[in-house]
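Enquirer: One file: run_28.txt (compact mmCIF, C-alpha atoms).
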# COMPACT_ATOMS: atom_id res chain seq x y z
CA SER A 1 1.55 -12.52 21.00
CA MET A 2 0.63 -12.72 17.31
CA GLN A 3 3.44 -15.01 16.20
CA GLU A 4 2.47 -18.63 15.64
CA GLU A 5 5.62 -20.03 17.27
CA GLY A 6 5.38 -17.70 20.25
CA LEU A 7 8.54 -16.64 22.04
CA LEU A 8 11.61 -18.18 20.43
CA MET A 9 14.46 -19.23 22.70
CA ALA A 10 16.90 -17.06 20.77
CA SER A 11 18.11 -14.45 23.26
CA GLN A 12 19.24 -14.32 26.86
CA HIS A 13 16.03 -12.57 27.86
CA SER A 14 13.86 -15.17 26.14
CA ALA A 15 15.85 -17.98 27.76
CA PHE A 16 14.77 -16.66 31.16
CA PHE A 17 11.27 -17.87 30.20
CA TYR A 18 12.30 -21.35 29.11
CA ASP A 19 9.80 -23.70 30.76
CA ASN A 20 8.51 -20.66 32.66
CA LEU A 21 5.94 -19.23 30.24
CA GLY A 22 2.35 -20.13 29.51
CA TYR A 23 0.14 -19.35 26.52
CA HIS A 24 -3.54 -18.41 26.55
CA ASP A 25 -5.81 -18.24 23.51
CA ILE A 26 -7.71 -14.97 23.31
CA GLU A 27 -10.84 -16.85 22.23
CA HIS A 28 -11.37 -17.75 25.89
CA MET A 29 -11.88 -14.05 26.67
CA GLU A 30 -15.42 -14.27 25.27
CA ALA A 31 -16.32 -16.37 28.32
CA GLY A 32 -15.87 -13.21 30.42
CA VAL A 33 -15.38 -13.79 34.13
CA GLU A 34 -16.14 -17.48 33.61
CA GLY A 35 -12.98 -17.72 31.50
CA ARG A 36 -10.75 -16.90 34.46
CA ASP A 37 -10.37 -20.58 35.34
CA ILE A 38 -8.94 -21.27 31.88
CA LEU A 39 -6.62 -18.26 32.20
CA ALA A 40 -5.41 -19.46 35.62
CA SER A 41 -4.92 -22.96 34.26
CA ASP A 42 -2.91 -21.66 31.29
CA LEU A 43 -0.75 -19.56 33.64
CA GLY A 44 -0.24 -22.61 35.87
CA ARG A 45 3.05 -22.49 37.75
CA HIS A 46 4.54 -19.92 35.37
CA ARG A 47 5.29 -16.30 36.20
CA ALA A 48 4.35 -15.05 32.76
CA LEU A 49 1.69 -15.66 30.16
CA ILE A 50 1.45 -14.70 26.52
CA MET A 51 -2.18 -14.14 25.69
CA ARG A 52 -2.25 -14.93 21.99
CA ASN A 53 -3.33 -12.02 19.79
CA HIS A 54 -3.73 -9.85 22.89
CA GLY A 55 -0.60 -9.21 24.95
CA LEU A 56 1.45 -10.13 27.99
CA LEU A 57 0.57 -10.92 31.60
CA THR A 58 3.07 -11.29 34.43
CA THR A 59 2.82 -12.12 38.10
CA GLY A 60 5.04 -11.71 41.11
CA ARG A 61 5.17 -11.97 44.86
CA THR A 62 5.50 -8.17 44.89
CA VAL A 63 4.63 -5.38 42.47
CA GLY A 64 8.35 -4.87 41.90
CA GLU A 65 8.83 -8.51 40.96
CA ALA A 66 5.85 -8.49 38.57
CA PHE A 67 7.24 -5.34 36.95
CA TYR A 68 10.70 -6.92 36.60
CA VAL A 69 9.22 -10.02 34.97
CA MET A 70 7.19 -7.85 32.56
CA HIS A 71 10.20 -5.68 31.70
CA THR A 72 12.26 -8.79 30.98
CA LEU A 73 9.52 -10.40 28.88
CA GLU A 74 9.04 -7.22 26.86
CA ARG A 75 12.79 -7.08 26.20
CA ALA A 76 12.69 -10.70 25.02
CA CYS A 77 9.82 -9.94 22.64
CA ALA A 78 11.49 -6.78 21.33
CA ALA A 79 14.75 -8.66 20.69
CA GLN A 80 12.87 -11.33 18.74
CA ILE A 81 11.03 -8.79 16.56
CA ALA A 82 14.28 -6.91 15.91
CA ALA A 83 16.11 -10.11 14.97
CA GLN A 84 13.33 -11.24 12.65
CA ALA A 85 13.26 -7.83 10.96
CA GLY A 86 16.69 -8.59 9.53
CA GLY A 87 15.18 -11.35 7.40
CA ALA A 88 17.76 -14.03 8.26
CA LYS A 89 16.84 -17.23 10.08
CA VAL A 90 16.92 -16.69 13.86
CA ARG A 91 19.40 -18.92 15.70
CA ARG A 92 17.92 -20.61 18.74
CA MET A 93 19.79 -21.41 21.94
CA SER A 94 20.26 -24.95 23.21
CA ASP A 95 17.87 -26.42 25.77
CA THR A 96 20.76 -26.78 28.21
CA THR A 97 21.67 -23.11 27.98
CA CYS A 98 18.02 -22.03 28.22
CA ALA A 99 17.46 -24.24 31.27
CA TRP A 100 20.42 -22.59 33.03
CA PHE A 101 19.12 -19.07 32.32
CA SER A 102 15.60 -20.06 33.37
CA GLU A 103 16.78 -21.39 36.72
CA PHE A 104 18.88 -18.28 37.26
CA PHE A 105 15.85 -16.09 36.52
CA ARG A 106 13.60 -18.03 38.90
CA ASN A 107 16.08 -17.44 41.71
CA ALA A 108 16.85 -13.80 40.90
CA THR A 109 13.48 -12.20 40.15
CA LEU A 110 12.43 -11.30 43.70
CA LYS A 111 15.86 -9.87 44.48
CA HIS A 112 16.11 -7.83 41.27
CA GLY A 113 12.47 -6.72 41.41
CA THR A 114 12.88 -5.62 45.02
CA MET A 115 16.05 -3.66 44.23
CA ALA A 116 14.69 -1.91 41.14
CA TRP A 117 11.21 -0.98 42.33
CA PRO A 118 12.17 1.79 44.83
CA SER A 119 14.35 3.46 42.18
CA LEU A 120 11.56 3.33 39.64
CA LEU A 121 9.10 4.86 42.10
CA SER A 122 11.62 7.58 42.95
CA THR A 123 12.04 8.41 39.26
CA LEU A 124 8.28 8.54 38.82
CA GLU A 125 7.96 10.76 41.89
CA GLN A 126 10.44 13.22 40.36
CA THR A 127 9.01 13.22 36.84
CA ASP A 128 5.27 12.95 37.54
CA PRO A 129 4.31 13.33 41.20
CA ASP A 130 0.63 13.44 40.20
CA TYR A 131 0.69 9.71 39.42
CA LYS A 132 -0.74 9.08 42.90
CA ASN A 133 -3.89 11.03 42.11
Have the structure of the file written as structure tokens, please.
Expert:
Amino acid sequence: SMQEEGLLMASQHSAFFYDNLGYHDIEHMEAGVEGRDILASDLGRHRALIMRNHGLLTTGRTVGEAFYVMHTLERACAAQIAAQAGGAKVRRMSDTTCAWFSEFFRNATLKHGTMAWPSLLSTLEQTDPDYKN
């Protein structure tokens, strides 16, 4: 969220967000609740938003889908930071390739989010059953 160029289309996970990611300037946060219209406008038709200098926001038709989108976006960001840490110029993917991955992601998120969510809840139930409290 702090990088001037935002998310680079340089990995498979980032390509999922090609033409499917909005950006929101943190300065609008000072408007408080009144700034929600700007936030909604910046999110637009996208499933994910990078709030500059703040963090990530994802949406979904279900909690599982929103979690899957967030997990994927975090992996894209982590891959970018890791690649940049090497110091070499990061190679970007073509628009054609990114468009294909983005369309695939749009069609797959509900299915994958729905499949993964019950397993994640089961794991949480086993490791920390107090989470419900």
Enquirer: Would you list the contacts of Leu121 in chain A as a list of chain:residue names, taking every protein, DNA or RNA residue within 12 Å and counting all atoms listed in the file, but skipping same-chain residues closer than 5 positions in sequence?
Expert: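 In the requested format, the answer is A:Val63, A:Gly64, A:Phe67, A:Thr114, A:Met115, A:Ala116, A:Gln126, A:Thr127, A:Asp128, A:Pro129, A:Tyr131, A:Lys132.
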Enquirer: Would you mind exporting C-alpha atoms of the selected residues as a compact mmCIF listing (two decimals), in the coordinates of the input?
Expert:
# COMPACT_ATOMS: atom_id res chain seq x y z
CA VAL A 63 4.63 -5.38 42.47
CA GLY A 64 8.35 -4.87 41.90
CA PHE A 67 7.24 -5.34 36.95
CA THR A 114 12.88 -5.62 45.02
CA MET A 115 16.05 -3.66 44.23
CA ALA A 116 14.69 -1.91 41.14
CA GLN A 126 10.44 13.22 40.36
CA THR A 127 9.01 13.22 36.84
CA ASP A 128 5.27 12.95 37.54
CA PRO A 129 4.31 13.33 41.20
CA TYR A 131 0.69 9.71 39.42
CA LYS A 132 -0.74 9.08 42.90
Enquirer: With a distance cut-off of 9 Å and all atoms listed in the file, select the neighbouring residues of range 34-44 of chain A, excluding the residue or stretch itself and same-chain residues fewer than 2 positions from it, and output the selection as a PyMOL selection string.
Expert: chain A and resi 21-25+28-32+46-51+57
Enquirer: Could you please determine the separation between CA of Gln84 in chain A and CA of Ser102 in chain A in Å, to one decimal place?
Expert: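 According to the coordinates, CA of Gln84 in chain A and CA of Ser102 in chain A are separated by 22.6 Å.
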Enquirer: So what do you get for CA of Gly60 in chain A versus CA of Cys77 in chain A, distance-wise?
Expert: 19.2 Å
Enquirer: Identify which of the residues A:Glu4, A:Met9, A:Gly113, A:Pro118 lies closest to Tyr68 in chain A, counting all atoms listed in the file when measuring atom-to-atom distances.
Expert: A:Gly113
Enquirer: Can you measure CA of Arg91 in chain A to CA of Tyr18 in chain A for me? One decimal in Å is fine.
Expert: 15.4 Å
Enquirer: Please identify all polymer residues within 6 Å of Ala76 in chain A, counting all atoms listed in the file, omitting same-chain residues fewer than 2 positions from it, and present them as a list of chain:residue names.
Expert: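 The neighbour list is A:His13, A:Ser14, A:Leu73, A:Glu74, A:Ala78, A:Ala79.
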Enquirer: Can you pull out the residues contacting Arg92 in chain A? Cut-off 9 Å, using only C-alpha atoms, and skip same-chain residues under 5 positions away; I want them as a list of chain:residue names.
Expert: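 Near neighbours after the sequence-gap exclusion: A:Leu8, A:Met9, A:Ala10, A:Ser11.
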Enquirer: Edge lengths and centre in Å to one decimal, as JSON, is what I'm after for the box along x, y and z that holds all listed atoms of range 65-78 of chain A once 5 Å is added on each side.
Expert:
{"center_x": 9.3, "center_y": -8.0, "center_z": 31.1, "size_x": 16.9, "size_y": 15.4, "size_z": 29.6}
